[in-house]
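Text of coords_7.txt (compact mmCIF, C-alpha atoms) as supplied:
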# COMPACT_ATOMS: atom_id res chain seq x y z
CA MET P 1 -25.44 -14.76 0.43
CA LYS P 2 -26.16 -18.29 1.65
CA PHE P 3 -25.66 -21.64 -0.02
CA LEU P 4 -28.04 -24.50 0.61
CA CYS P 5 -27.35 -28.17 -0.01
CA ILE P 6 -30.72 -29.09 -1.47
CA ASP P 7 -30.38 -32.82 -0.95
CA CYS P 8 -29.56 -32.42 2.76
CA ASP P 9 -31.53 -29.19 3.31
CA GLU P 10 -28.47 -27.90 5.17
CA GLN P 11 -26.80 -24.55 4.85
CA MET P 12 -23.33 -25.00 3.39
CA THR P 13 -20.35 -23.73 5.33
CA TYR P 14 -17.88 -21.23 3.89
CA GLU P 15 -14.53 -22.90 3.42
CA ASP P 16 -12.09 -20.73 1.50
CA ARG P 17 -11.61 -17.88 -0.96
CA GLN P 18 -8.96 -17.64 -3.63
CA GLU P 19 -7.99 -14.87 -5.99
CA PRO P 20 -6.07 -16.39 -8.90
CA GLY P 21 -4.86 -12.98 -10.07
CA ASP P 22 -6.86 -12.80 -13.29
CA GLY P 23 -9.51 -10.46 -11.97
CA THR P 24 -11.78 -13.24 -10.75
CA PHE P 25 -12.30 -14.89 -7.41
CA THR P 26 -13.55 -18.22 -6.19
CA ALA P 27 -15.18 -19.13 -2.91
CA SER P 28 -15.69 -22.71 -1.82
CA TYR P 29 -18.39 -24.09 0.44
CA VAL P 30 -18.98 -27.48 2.01
CA CYS P 31 -22.13 -29.21 3.21
CA PRO P 32 -21.71 -30.12 6.89
CA ALA P 33 -24.06 -33.09 6.48
CA CYS P 34 -22.90 -34.90 3.36
CA GLY P 35 -19.52 -33.26 2.82
CA ARG P 36 -20.33 -32.18 -0.72
CA ARG P 37 -18.17 -29.25 -1.75
CA MET P 38 -18.92 -26.57 -4.28
CA ALA P 39 -17.07 -23.56 -5.62
CA MET P 40 -18.59 -20.24 -6.59
CA LEU P 41 -16.68 -18.78 -9.52
CA ALA P 42 -17.16 -15.03 -9.92
CA ASN P 43 -16.46 -13.34 -13.22
CA PRO P 44 -14.36 -10.12 -13.41
CA MET P 45 -17.42 -7.86 -13.35
CA GLU P 46 -18.82 -9.51 -10.23
CA THR P 47 -15.38 -9.48 -8.64
CA GLN P 48 -15.04 -5.78 -9.39
CA LEU P 49 -18.43 -4.97 -7.90
CA VAL P 50 -17.72 -6.81 -4.66
CA GLY P 51 -14.21 -5.35 -4.48
CA SER P 52 -15.60 -1.85 -4.99
CA LEU P 53 -17.47 -2.21 -1.72
CA GLY P 54 -14.19 -2.82 0.07
CA VAL P 55 -15.35 -6.21 1.35
CA LYS P 56 -14.28 -9.83 0.96
CA VAL P 57 -16.66 -12.72 0.35
CA GLY P 58 -16.48 -14.98 3.37
CA GLY P 59 -15.04 -12.27 5.58
CA ARG P 60 -11.59 -10.91 6.15
CA THR P 61 -8.61 -13.07 6.98
CA LEU P 62 -6.22 -10.10 7.10
CA ASP P 63 -6.71 -6.88 9.02
CA GLN P 64 -7.96 -4.02 6.90
CA GLN P 65 -5.06 -1.77 5.95
CA PRO P 66 -5.35 2.03 6.18
CA MET P 67 -7.06 3.40 3.07
CA GLU P 68 -6.89 -0.06 1.59
CA LEU P 69 -9.53 0.53 -1.08
CA VAL P 70 -8.03 3.81 -2.24
CA ARG P 71 -4.49 2.48 -2.25
CA GLN P 72 -5.42 -0.63 -4.20
CA THR P 73 -7.70 0.92 -6.79
CA LEU P 74 -6.80 4.57 -7.35
CA GLU P 75 -4.80 5.51 -10.45
CA GLY P 76 -2.81 8.03 -8.50
CA ARG P 77 0.65 9.28 -7.74
CA ASP P 78 3.29 6.64 -7.11
CA ASP P 79 4.49 8.63 -4.10
CA ALA P 80 1.06 9.53 -2.71
CA PHE P 81 1.73 7.51 0.44
CA VAL P 82 4.87 6.92 2.42
CA ASP P 83 5.17 4.33 5.13
CA ASP P 84 6.00 5.46 8.64
CA PRO P 85 9.51 4.18 9.45
CA SER P 86 8.59 3.88 13.12
CA GLY P 87 5.85 1.36 12.38
CA ARG P 88 5.88 -2.27 11.40
CA PRO P 89 6.23 -3.13 7.71
CA THR P 90 3.20 -2.48 5.58
CA TRP P 91 2.09 -4.44 2.57
CA ALA P 92 2.12 -3.10 -0.95
CA PRO P 93 -1.18 -3.72 -2.75
CA GLU P 94 0.49 -6.13 -5.20
CA SER P 95 1.81 -8.15 -2.28
CA GLU P 96 -1.61 -8.18 -0.63
CA GLU P 97 -3.02 -9.62 -3.85
CA ARG P 98 -0.34 -12.29 -3.91
CA LEU P 99 -0.97 -13.11 -0.26
CA ALA P 100 -4.68 -13.47 -0.97
CA ARG P 101 -3.84 -16.42 -3.24
CA VAL P 102 -2.37 -18.34 -0.31
CA PRO P 103 -4.90 -20.85 1.11
CA GLY P 104 -6.87 -19.22 3.91
CA PHE P 105 -5.96 -21.70 6.63
CA VAL P 106 -2.25 -20.81 6.46
CA ARG P 107 -2.52 -17.21 5.26
CA GLY P 108 -2.18 -15.60 8.67
CA MET P 109 0.89 -17.63 9.46
CA VAL P 110 2.48 -16.84 6.11
CA LYS P 111 1.86 -13.14 6.59
CA LYS P 112 3.45 -13.24 10.03
CA ILE P 113 6.53 -15.00 8.66
CA TYR P 114 7.01 -12.42 5.92
CA SER P 115 6.37 -9.49 8.32
CA GLU P 116 8.90 -10.73 10.86
CA TRP P 117 11.48 -11.40 8.17
CA ALA P 118 11.04 -7.83 6.84
CA SER P 119 11.07 -6.27 10.33
CA GLU P 120 14.34 -7.95 11.18
CA ARG P 121 15.90 -6.36 8.11
CA GLY P 122 14.40 -2.91 8.57
CA ILE P 123 12.24 -3.27 5.47
CA GLN P 124 9.29 -0.86 5.59
CA VAL P 125 7.20 -2.02 2.65
CA ILE P 126 6.69 -5.65 1.72
CA THR P 127 6.74 -5.65 -2.05
CA PRO P 128 6.50 -8.75 -4.28
CA ARG P 129 10.29 -8.60 -4.62
CA VAL P 130 10.69 -8.66 -0.83
CA MET P 131 8.39 -11.67 -0.75
CA ASP P 132 10.54 -13.41 -3.36
CA GLU P 133 13.72 -12.75 -1.40
CA ALA P 134 12.16 -13.90 1.86
CA ARG P 135 10.88 -17.06 0.26
CA VAL P 136 14.31 -18.03 -1.01
CA ASP P 137 16.00 -17.01 2.24
CA LEU P 138 13.56 -18.97 4.39
CA GLY P 139 13.25 -21.96 2.09
CA LEU P 140 9.54 -21.36 1.54
CA GLU P 141 9.48 -21.61 -2.24
CA GLU P 142 6.08 -23.29 -2.18
CA MET P 143 4.45 -20.31 -0.40
CA MET Z 1 -38.34 -29.08 -6.67
CA THR Z 2 -38.88 -26.92 -3.65
CA TYR Z 3 -36.29 -25.74 -1.20
CA ARG Z 4 -35.92 -23.10 1.43
CA THR Z 5 -35.36 -19.47 0.49
CA TYR Z 6 -32.85 -17.00 1.92
CA HIS Z 7 -34.91 -15.90 4.91
CA GLN Z 8 -36.05 -19.44 5.64
CA VAL Z 9 -32.43 -20.55 6.05
CA THR Z 10 -31.80 -19.06 9.46
CA GLY Z 11 -28.05 -19.60 9.69
CA ASP Z 12 -25.58 -16.75 9.49
CA ASP Z 13 -24.85 -15.12 6.16
CA ARG Z 14 -21.51 -16.77 5.50
CA SER Z 15 -20.43 -14.23 2.90
CA GLN Z 16 -20.34 -11.68 5.76
CA LEU Z 17 -20.79 -8.84 3.27
CA GLY Z 18 -23.42 -7.06 5.36
CA ALA Z 19 -21.36 -7.46 8.51
CA GLN Z 20 -18.30 -6.00 6.78
CA VAL Z 21 -20.23 -2.99 5.51
CA GLN Z 22 -21.51 -2.41 9.04
CA ALA Z 23 -17.95 -2.72 10.35
CA GLN Z 24 -16.89 -0.03 7.88
CA ARG Z 25 -19.54 2.32 9.25
CA ASP Z 26 -18.50 1.51 12.80
CA ARG Z 27 -14.90 2.44 11.94
CA VAL Z 28 -16.07 5.87 10.77
CA ILE Z 29 -17.96 6.51 13.99
CA GLU Z 30 -15.09 5.27 16.13
CA ARG Z 31 -12.51 7.40 14.33
CA LEU Z 32 -14.57 10.58 14.58
CA GLN Z 33 -15.19 10.27 18.30
CA SER Z 34 -12.21 12.53 18.88
CA VAL Z 35 -13.66 15.29 16.68
CA GLY Z 36 -15.75 17.92 18.45
CA ARG Z 37 -17.87 19.18 15.57
CA ILE Z 38 -18.21 18.06 11.96
CA VAL Z 39 -19.66 20.61 9.59
CA ALA Z 40 -20.35 20.06 5.90
CA VAL Z 41 -19.95 22.92 3.45
CA MET Z 42 -22.25 22.38 0.50
CA SER Z 43 -23.72 24.01 -2.53
CA GLY Z 44 -25.95 22.56 -5.17
CA LYS Z 45 -24.00 24.47 -7.78
CA GLY Z 46 -20.38 24.32 -8.84
CA GLY Z 47 -18.25 27.41 -9.15
CA VAL Z 48 -19.74 29.37 -6.25
CA GLY Z 49 -16.50 29.34 -4.26
CA LYS Z 50 -17.43 26.63 -1.79
CA SER Z 51 -13.82 25.49 -1.40
CA TYR Z 52 -12.69 29.12 -1.10
CA VAL Z 53 -15.16 29.65 1.74
CA THR Z 54 -14.15 26.37 3.37
CA SER Z 55 -10.47 27.22 3.30
CA TRP Z 56 -10.90 30.74 4.66
CA LEU Z 57 -13.26 29.48 7.35
CA ALA Z 58 -10.64 26.96 8.41
CA ARG Z 59 -7.99 29.68 8.54
CA ALA Z 60 -10.25 31.98 10.50
CA ALA Z 61 -11.05 29.28 13.05
CA ALA Z 62 -7.53 27.85 13.29
CA PRO Z 63 -5.92 30.39 15.63
CA GLU Z 64 -8.32 29.46 18.43
CA SER Z 65 -9.24 25.89 17.51
CA LYS Z 66 -7.80 22.66 16.17
CA VAL Z 67 -9.22 22.41 12.68
CA GLY Z 68 -9.25 19.76 9.98
CA VAL Z 69 -10.52 19.91 6.41
CA LEU Z 70 -11.68 16.89 4.44
CA ASP Z 71 -11.98 17.59 0.74
CA ALA Z 72 -14.90 15.41 -0.32
CA ASP Z 73 -14.92 16.88 -3.81
CA LEU Z 74 -13.05 13.90 -5.20
CA ARG Z 75 -13.38 14.77 -8.88
CA SER Z 76 -12.38 18.40 -8.63
CA PRO Z 77 -10.33 18.77 -5.45
CA THR Z 78 -8.94 22.22 -4.70
CA VAL Z 79 -8.84 22.72 -0.94
CA ALA Z 80 -5.37 21.26 -0.42
CA ARG Z 81 -3.81 23.82 -2.75
CA LEU Z 82 -5.83 26.67 -1.24
CA LEU Z 83 -4.54 25.77 2.21
CA GLY Z 84 -0.98 25.03 1.16
CA ALA Z 85 -1.17 21.33 2.04
CA SER Z 86 1.16 18.88 0.34
CA GLY Z 87 1.88 15.16 0.26
CA PRO Z 88 2.92 12.46 0.56
CA LEU Z 89 0.64 11.15 3.28
CA LYS Z 90 2.37 9.07 5.92
CA VAL Z 91 0.89 5.65 6.67
CA SER Z 92 1.30 4.19 10.11
CA GLU Z 93 -0.28 1.29 11.94
CA SER Z 94 -3.02 3.55 13.28
CA GLY Z 95 -3.94 5.00 9.91
CA VAL Z 96 -3.03 7.68 7.41
CA GLU Z 97 -1.69 10.92 8.83
CA PRO Z 98 -3.29 14.03 7.33
CA SER Z 99 -1.14 16.67 5.71
CA ILE Z 100 -0.57 19.58 8.07
CA ALA Z 101 -1.11 22.80 6.16
CA GLU Z 102 -0.56 26.43 7.00
CA ASP Z 103 -1.99 27.45 10.38
CA GLY Z 104 -1.72 23.83 11.57
CA ILE Z 105 -4.84 22.75 9.67
CA ALA Z 106 -5.06 18.99 9.07
CA VAL Z 107 -5.99 18.31 5.44
CA VAL Z 108 -6.86 15.27 3.36
CA SER Z 109 -7.76 15.68 -0.26
CA MET Z 110 -7.76 13.61 -3.41
CA ASP Z 111 -5.58 16.39 -4.80
CA LEU Z 112 -2.73 15.00 -2.68
CA LEU Z 113 -3.11 11.55 -4.24
CA LEU Z 114 -3.53 12.32 -7.95
CA ASP Z 115 -0.85 13.16 -10.46
CA GLU Z 116 -0.84 16.84 -11.39
CA GLY Z 117 -3.50 17.56 -13.99
CA HIS Z 118 -4.79 13.98 -14.05
CA PRO Z 119 -8.47 13.12 -13.56
CA LEU Z 120 -9.85 10.79 -10.92
CA GLN Z 121 -9.53 7.26 -12.31
CA TRP Z 122 -9.67 3.80 -10.80
CA ARG Z 123 -7.85 0.59 -11.68
CA SER Z 124 -10.01 -2.19 -12.96
CA SER Z 125 -9.67 -5.52 -14.72
CA THR Z 126 -12.97 -4.86 -16.46
CA GLY Z 127 -14.63 -2.02 -18.33
CA ASP Z 128 -18.10 -0.88 -17.36
CA SER Z 129 -16.80 1.69 -14.93
CA PHE Z 130 -20.24 3.32 -14.89
CA ALA Z 131 -21.40 0.36 -12.82
CA TRP Z 132 -18.89 0.61 -9.99
CA ARG Z 133 -17.30 4.10 -10.05
CA GLY Z 134 -19.87 5.45 -7.61
CA LEU Z 135 -19.13 2.63 -5.18
CA LEU Z 136 -15.42 3.43 -5.24
CA GLU Z 137 -16.01 7.13 -4.71
CA ALA Z 138 -18.29 6.40 -1.76
CA GLY Z 139 -15.62 4.05 -0.44
CA ALA Z 140 -12.94 6.70 -0.80
CA LEU Z 141 -15.01 9.20 1.18
CA ARG Z 142 -15.59 6.57 3.83
CA GLU Z 143 -11.85 5.85 4.08
CA PHE Z 144 -11.05 9.57 4.25
CA LEU Z 145 -13.29 9.66 7.30
CA SER Z 146 -12.38 6.37 8.97
CA ASP Z 147 -8.74 5.76 8.09
CA VAL Z 148 -7.24 9.21 8.61
CA VAL Z 149 -5.72 9.89 12.00
CA TRP Z 150 -7.71 13.08 12.56
CA GLY Z 151 -6.87 13.16 16.23
CA ALA Z 152 -8.47 15.55 18.69
CA LEU Z 153 -10.03 18.26 16.51
CA ASP Z 154 -12.44 20.97 17.60
CA LEU Z 155 -13.79 21.26 14.08
CA LEU Z 156 -13.71 19.14 10.94
CA LEU Z 157 -14.97 20.91 7.83
CA VAL Z 158 -16.07 18.66 4.97
CA ASP Z 159 -15.96 20.37 1.59
CA LEU Z 160 -18.67 18.58 -0.42
CA PRO Z 161 -18.90 18.27 -4.20
CA PRO Z 162 -21.62 20.15 -6.08
CA GLY Z 163 -25.00 18.45 -6.15
CA THR Z 164 -27.36 17.01 -3.60
CA ASP Z 165 -25.98 13.47 -3.19
CA GLY Z 166 -22.86 14.36 -1.26
CA VAL Z 167 -24.59 15.77 1.76
CA THR Z 168 -26.99 12.85 2.17
CA ASP Z 169 -24.19 10.30 1.69
CA LEU Z 170 -22.14 12.08 4.34
CA TYR Z 171 -25.04 12.23 6.77
CA GLU Z 172 -25.58 8.47 6.46
CA LEU Z 173 -21.93 7.88 7.31
CA VAL Z 174 -21.76 10.60 9.97
CA PRO Z 175 -25.08 10.85 11.81
CA SER Z 176 -23.37 13.06 14.38
CA LEU Z 177 -22.93 15.81 11.78
CA ALA Z 178 -23.22 19.10 13.65
CA GLY Z 179 -24.66 20.87 10.65
CA VAL Z 180 -24.38 21.96 7.07
CA LEU Z 181 -23.44 25.34 5.72
CA ALA Z 182 -24.71 26.36 2.29
CA VAL Z 183 -22.69 28.55 -0.04
CA THR Z 184 -24.29 30.46 -2.89
CA ILE Z 185 -23.60 33.39 -5.17
CA PRO Z 186 -26.23 36.11 -5.62
CA SER Z 187 -27.67 34.90 -8.95
CA ASP Z 188 -31.10 33.33 -9.28
CA GLU Z 189 -29.58 30.31 -11.04
CA ALA Z 190 -27.47 29.63 -7.96
CA ARG Z 191 -30.46 30.19 -5.67
CA ARG Z 192 -32.51 27.53 -7.47
CA SER Z 193 -29.65 25.04 -7.37
CA VAL Z 194 -28.68 25.65 -3.74
CA ALA Z 195 -32.33 25.42 -2.75
CA ARG Z 196 -32.37 21.81 -3.93
CA SER Z 197 -29.44 20.96 -1.67
CA LEU Z 198 -31.01 22.75 1.27
CA ARG Z 199 -34.25 20.87 0.64
CA ALA Z 200 -32.34 17.57 0.64
CA ALA Z 201 -30.66 18.53 3.90
CA GLN Z 202 -33.89 19.56 5.57
CA ASP Z 203 -35.75 16.49 4.27
CA SER Z 204 -33.07 14.36 5.95
CA ALA Z 205 -33.54 16.35 9.17
CA MET Z 206 -29.97 17.65 9.06
CA PRO Z 207 -29.28 20.76 11.08
CA VAL Z 208 -28.66 23.67 8.71
CA LEU Z 209 -26.41 26.33 10.20
CA GLY Z 210 -27.05 28.98 7.60
CA VAL Z 211 -26.07 30.31 4.21
CA VAL Z 212 -23.08 32.33 3.03
CA GLU Z 213 -23.36 34.49 -0.07
CA ASN Z 214 -20.03 34.49 -1.85
CA MET Z 215 -19.02 36.90 -4.64
CA SER Z 216 -21.51 39.30 -3.17
CA GLY Z 217 -20.22 42.26 -5.13
CA TYR Z 218 -16.84 43.28 -6.52
CA HIS Z 219 -14.36 44.73 -4.07
CA CYS Z 220 -12.30 47.35 -5.91
CA PRO Z 221 -8.69 47.06 -4.73
CA GLY Z 222 -8.09 50.70 -5.66
CA CYS Z 223 -10.91 52.55 -3.89
CA ALA Z 224 -12.19 49.74 -1.61
CA ASP Z 225 -15.70 50.32 -2.92
CA VAL Z 226 -17.96 47.29 -3.46
CA GLN Z 227 -19.98 47.20 -6.67
CA PRO Z 228 -22.54 44.56 -7.77
CA LEU Z 229 -21.09 41.54 -9.55
CA PHE Z 230 -24.25 39.48 -10.20
CA ASP Z 231 -27.92 40.34 -10.33
CA GLY Z 232 -29.91 38.84 -7.50
CA SER Z 233 -29.85 38.34 -3.77
CA ALA Z 234 -29.82 34.57 -3.44
CA GLY Z 235 -28.33 34.58 0.05
CA GLN Z 236 -31.19 36.53 1.59
CA SER Z 237 -33.79 34.71 -0.50
CA LEU Z 238 -32.55 31.31 0.67
CA ALA Z 239 -32.38 32.50 4.26
CA ASP Z 240 -35.99 33.64 4.07
CA GLU Z 241 -37.23 30.56 2.22
CA PHE Z 242 -35.64 28.04 4.57
CA GLY Z 243 -35.77 30.02 7.79
CA ILE Z 244 -32.01 29.96 8.28
CA PRO Z 245 -29.56 32.76 9.01
CA LEU Z 246 -27.65 34.59 6.30
CA LEU Z 247 -24.27 34.31 7.99
CA GLY Z 248 -22.18 36.45 5.70
CA ARG Z 249 -21.87 38.22 2.37
CA LEU Z 250 -18.36 37.96 0.96
CA PRO Z 251 -17.33 40.30 -1.86
CA PHE Z 252 -15.07 39.06 -4.66
CA ARG Z 253 -11.52 40.30 -4.14
CA PRO Z 254 -9.54 40.10 -7.38
CA ARG Z 255 -6.15 39.93 -5.71
CA GLY Z 256 -7.05 36.69 -3.94
CA GLU Z 257 -6.74 37.95 -0.41
CA GLY Z 258 -9.22 36.39 2.00
CA PRO Z 259 -12.51 37.91 3.00
CA GLY Z 260 -11.14 38.95 6.39
CA GLN Z 261 -12.00 38.00 9.95
CA GLU Z 262 -14.84 40.48 10.26
CA ALA Z 263 -16.73 39.20 7.21
CA LEU Z 264 -16.39 35.62 8.45
CA ALA Z 265 -17.06 36.24 12.13
CA SER Z 266 -20.69 35.13 12.19
CA THR Z 267 -19.95 32.07 10.07
CA VAL Z 268 -17.01 31.04 12.26
CA ARG Z 269 -19.18 31.33 15.37
CA ALA Z 270 -21.87 29.22 13.71
CA VAL Z 271 -19.55 26.40 12.64
CA LEU Z 272 -17.84 26.34 16.04
CA GLY Z 273 -21.18 26.06 17.77
CA GLY Z 274 -21.65 29.59 19.03
CA ALA Z 275 -24.63 31.83 18.41
CA SER Z 276 -24.74 33.37 14.98
Could you write out this structure as structure tokens?
Amino acid sequence: MKFLCIDCDEQMTYEDRQEPGDGTFTASYVCPACGRRMAMLANPMETQLVGSLGVKVGGRTLDQQPMELVRQTLEGRDDAFVDDPSGRPTWAPESEERLARVPGFVRGMVKKIYSEWASERGIQVITPRVMDEARVDLGLEEM
Amino acid sequence: MTYRTYHQVTGDDRSQLGAQVQAQRDRVIERLQSVGRIVAVMSGKGGVGKSYVTSWLARAAAPESKVGVLDADLRSPTVARLLGASGPLKVSESGVEPSIAEDGIAVVSMDLLLDEGHPLQWRSSTGDSFAWRGLLEAGALREFLSDVVWGALDLLLVDLPPGTDGVTDLYELVPSLAGVLAVTIPSDEARRSVARSLRAAQDSAMPVLGVVENMSGYHCPGCADVQPLFDGSAGQSLADEFGIPLLGRLPFRPRGEGPGQEALASTVRAVLGGAS
């Protein structure tokens, strides 16, 4: 998929992706010549189709988690997977979704902050509740 | 108004969808580098005992080899139970650890992930599951291959679902597939169905190791005599038609005991890479 600024005849540059949590996603692009910005707004069906491929429009900003597609989409047992206590904290699918709503340019940093906060407390799975607690503890309410 | 088309715009594809799909395939190949041989067990027809053969093959090979079993029959998974594997599956930074079943066999199966008695279903914010269910199932198979810490195995058996699609999908993901093993029962209905799968395998230039005829007679637990169970001789017919070896004929044993080392010997040699 490519986006062309017709007036400038320039390929637009991918800028950011957001997942507002309602089953849709948006991706924004900017023209490097004139600076015009545009957003692609995907409906739930299109979002589902892309998500079913296990890919992210614009590329990945977070490392792919083990069995990410299965863990995020399967209607399966609650205890199908258990996180290895010897490893670093892993992210629950709901938390990954919440993290995906953070603007891309700070997402990596935000993830690192949460991961370190959880590691220091021996937390193995970063759930939305863990994120809430960390946010209050670290004074990051806006993240 | 005229403007350039996709191929005329020569810059990178900024969606990176194609690159990500390629990266997924690369992960499969990288993960399976530590596996000596990957053999698919297939049958065009359901109910021929494909998973039974897979599980007893794994047990027969396990004493001498490090063996793994991937249950690719996502909608009707049975291998985990047959091998005594259980969950939960442990997730570490390097991937998902397989369940270690009896005889040290590494197992991953959808059966370990689904609630007891529940069908395979996927979460979605939309309906229209007919449009994307196949994508998710293909993705699950891919993740079973790429995201499981299979480790150094001599043999990975892949128990495929009935039909012809599974074997070609697997071969696209795993071009290093050492071969496919076809399982049939003696009946002519099974022969016609399994022939389609063998044709698909041969059309894709996959190496076919041979055919096993399961339920090849009824083994009486009282007198140890073997009597016919189905009309037909599909195993031999398929071997002749496709020029492949008939590796074994396994009688039905009503008490559930395995077919025994002797009956499986040729098949074990074939899947481990020895002469049949």
Q.
Need to verify the contact set: Ser65 of chain Z, 9 Å, only C-alpha atoms, exclusion of same-chain residues closer than 6 positions in sequence. Can you return it as a ChimeraX atom specification?
A. /Z:153-155,272
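The shell of residues at most 10 Å from Cys220 of chain Z, with all atoms listed in the file counted and near chain neighbours (fewer than 3 positions) removed, consists of Gly217, Cys223, Ala224, Asp225, Val226, Gln227, Pro251, Phe252, Arg253, Pro254 and Arg255 of chain Z.
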Hey, which bits of chain Z sit within 6 Å of chain P, and for each residue what's the closest pair of atoms and how far apart in Å (one decimal), counting only C-alpha atoms, rows by chain and increasing number, as a Markdown table?
| residue | atom | partner | partner_atom | distance |
| --- | --- | --- | --- | --- |
| Z:Asp13 | CA | P:Lys2 | CA | 5.7 |
| Z:Arg14 | CA | P:Gly58 | CA | 5.7 |
| Z:Ser15 | CA | P:Gly58 | CA | 4.0 |
| Z:Gln16 | CA | P:Gly59 | CA | 5.3 |
| Z:Pro88 | CA | P:Ala80 | CA | 4.8 |
| Z:Leu89 | CA | P:Phe81 | CA | 4.7 |
| Z:Lys90 | CA | P:Val82 | CA | 4.8 |
| Z:Val91 | CA | P:Asp83 | CA | 4.7 |
| Z:Ser92 | CA | P:Asp84 | CA | 5.1 |
| Z:Gly95 | CA | P:Pro66 | CA | 5.0 |
| Z:Leu113 | CA | P:Ala80 | CA | 4.9 |
| Z:Leu114 | CA | P:Gly76 | CA | 4.4 |
| Z:Asp115 | CA | P:Arg77 | CA | 5.0 |
| Z:Gln121 | CA | P:Glu75 | CA | 5.4 |
| Z:Trp122 | CA | P:Leu74 | CA | 4.6 |
| Z:Arg123 | CA | P:Thr73 | CA | 4.9 |
| Z:Ser125 | CA | P:Gly23 | CA | 5.7 |
| Z:Trp132 | CA | P:Leu49 | CA | 6.0 |
| Z:Leu135 | CA | P:Ser52 | CA | 5.7 |
| Z:Leu136 | CA | P:Ser52 | CA | 5.3 |
| Z:Ala140 | CA | P:Val70 | CA | 5.9 |
| Z:Glu143 | CA | P:Met67 | CA | 5.5 |
| Z:Asp147 | CA | P:Pro66 | CA | 5.4 |
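Closest approach to Trp91 of chain P from the set P:Val125, P:Ser115, P:Phe105, P:Cys34 is made by P:Val125, with distances taken over all atoms listed in the file.
Computed from the coordinates, the atom CA of Lys66 of chain Z to atom CA of Ser146 of chain Z distance equals 18.4 Å.
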(Q) So that I can see what lies close to Pro228 of chain Z, please list as a PyMOL selection string the residues with an atom at most 12 Å from it, counting all atoms listed in the file and leaving out residues fewer than 2 positions away in the same chain. (A) chain Z and resi 185-187+214-220+225-226+230-233+249-252
Keeping only C-alpha atoms, write those residues as an mmCIF file, keeping the file's coordinate frame.
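Result file follows (again.cif):
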data_model
loop_
_atom_site.group_PDB
_atom_site.id
_atom_site.type_symbol
_atom_site.label_atom_id
_atom_site.label_comp_id
_atom_site.auth_asym_id
_atom_site.auth_seq_id
_atom_site.Cartn_x
_atom_site.Cartn_y
_atom_site.Cartn_z
ATOM 1 C CA ILE Z 185 -23.600 33.390 -5.170
ATOM 2 C CA PRO Z 186 -26.230 36.110 -5.620
ATOM 3 C CA SER Z 187 -27.670 34.900 -8.950
ATOM 4 C CA ASN Z 214 -20.030 34.490 -1.850
ATOM 5 C CA MET Z 215 -19.020 36.900 -4.640
ATOM 6 C CA SER Z 216 -21.510 39.300 -3.170
ATOM 7 C CA GLY Z 217 -20.220 42.260 -5.130
ATOM 8 C CA TYR Z 218 -16.840 43.280 -6.520
ATOM 9 C CA HIS Z 219 -14.360 44.730 -4.070
ATOM 10 C CA CYS Z 220 -12.300 47.350 -5.910
ATOM 11 C CA ASP Z 225 -15.700 50.320 -2.920
ATOM 12 C CA VAL Z 226 -17.960 47.290 -3.460
ATOM 13 C CA PHE Z 230 -24.250 39.480 -10.200
ATOM 14 C CA ASP Z 231 -27.920 40.340 -10.330
ATOM 15 C CA GLY Z 232 -29.910 38.840 -7.500
ATOM 16 C CA SER Z 233 -29.850 38.340 -3.770
ATOM 17 C CA ARG Z 249 -21.870 38.220 2.370
ATOM 18 C CA LEU Z 250 -18.360 37.960 0.960
ATOM 19 C CA PRO Z 251 -17.330 40.300 -1.860
ATOM 20 C CA PHE Z 252 -15.070 39.060 -4.660
#
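When all atoms listed in the file are used to compute distances to Gly21 of chain P, the closest of the residues P:Ala100, P:Ile113, P:Ala118, P:Ala134 turns out to be P:Ala100.
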**Q.** Close residues, Leu99 of chain P itself excluded, 12 Å, only C-alpha atoms, min 5 positions apart in chain, as a PyMOL selection string
**A.** chain P and resi 17-21+61-62+91-94+104+106-115+126-128+131-132+143
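When atom CA of Asp103 of chain Z is paired with atom CA of Val180 of chain Z, their separation reads 23.3 Å.
Applying the 8 Å criterion to (-15.2, 30.5, 7.6) in file coordinates and using only C-alpha atoms, one obtains the residues Z:Val53, Z:Thr54, Z:Ser55, Z:Trp56, Z:Leu57, Z:Ala58, Z:Arg59, Z:Ala60, Z:Ala61, Z:Leu264, Z:Ala265, Z:Thr267, Z:Val268, Z:Val271.
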Residues just named, written with C-alpha atoms as a CSV table (one decimal), keeping the file's coordinate frame:
chain,number,residue,atom,x,y,z
Z,53,VAL,CA,-15.2,29.6,1.7
Z,54,THR,CA,-14.2,26.4,3.4
Z,55,SER,CA,-10.5,27.2,3.3
Z,56,TRP,CA,-10.9,30.7,4.7
Z,57,LEU,CA,-13.3,29.5,7.4
Z,58,ALA,CA,-10.6,27.0,8.4
Z,59,ARG,CA,-8.0,29.7,8.5
Z,60,ALA,CA,-10.2,32.0,10.5
Z,61,ALA,CA,-11.0,29.3,13.0
Z,264,LEU,CA,-16.4,35.6,8.4
Z,265,ALA,CA,-17.1,36.2,12.1
Z,267,THR,CA,-20.0,32.1,10.1
Z,268,VAL,CA,-17.0,31.0,12.3
Z,271,VAL,CA,-19.6,26.4,12.6
Q. How many Å separate atom CA of Ser176 of chain Z from atom CA of Leu238 of chain Z?
A. 24.6 Å
At a cut-off of 7 Å, using all atoms listed in the file, what residues contact segment 79-84 of chain Z? Leave out same-chain residues fewer than 6 positions from it and give the result as a PDB file with C-alpha atoms, keeping the file's coordinate frame.
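Final output, saved to part_33.pdb:
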ATOM      1  CA  SER Z  51     -13.820  25.490  -1.400  1.00  0.00           C
ATOM      2  CA  SER Z  55     -10.470  27.220   3.300  1.00  0.00           C
ATOM      3  CA  ASP Z  71     -11.980  17.590   0.740  1.00  0.00           C
ATOM      4  CA  ALA Z 101      -1.110  22.800   6.160  1.00  0.00           C
ATOM      5  CA  GLU Z 102      -0.560  26.430   7.000  1.00  0.00           C
ATOM      6  CA  VAL Z 107      -5.990  18.310   5.440  1.00  0.00           C
ATOM      7  CA  SER Z 109      -7.760  15.680  -0.260  1.00  0.00           C
ATOM      8  CA  ASP Z 111      -5.580  16.390  -4.800  1.00  0.00           C
TER       9      ASP Z 111
END
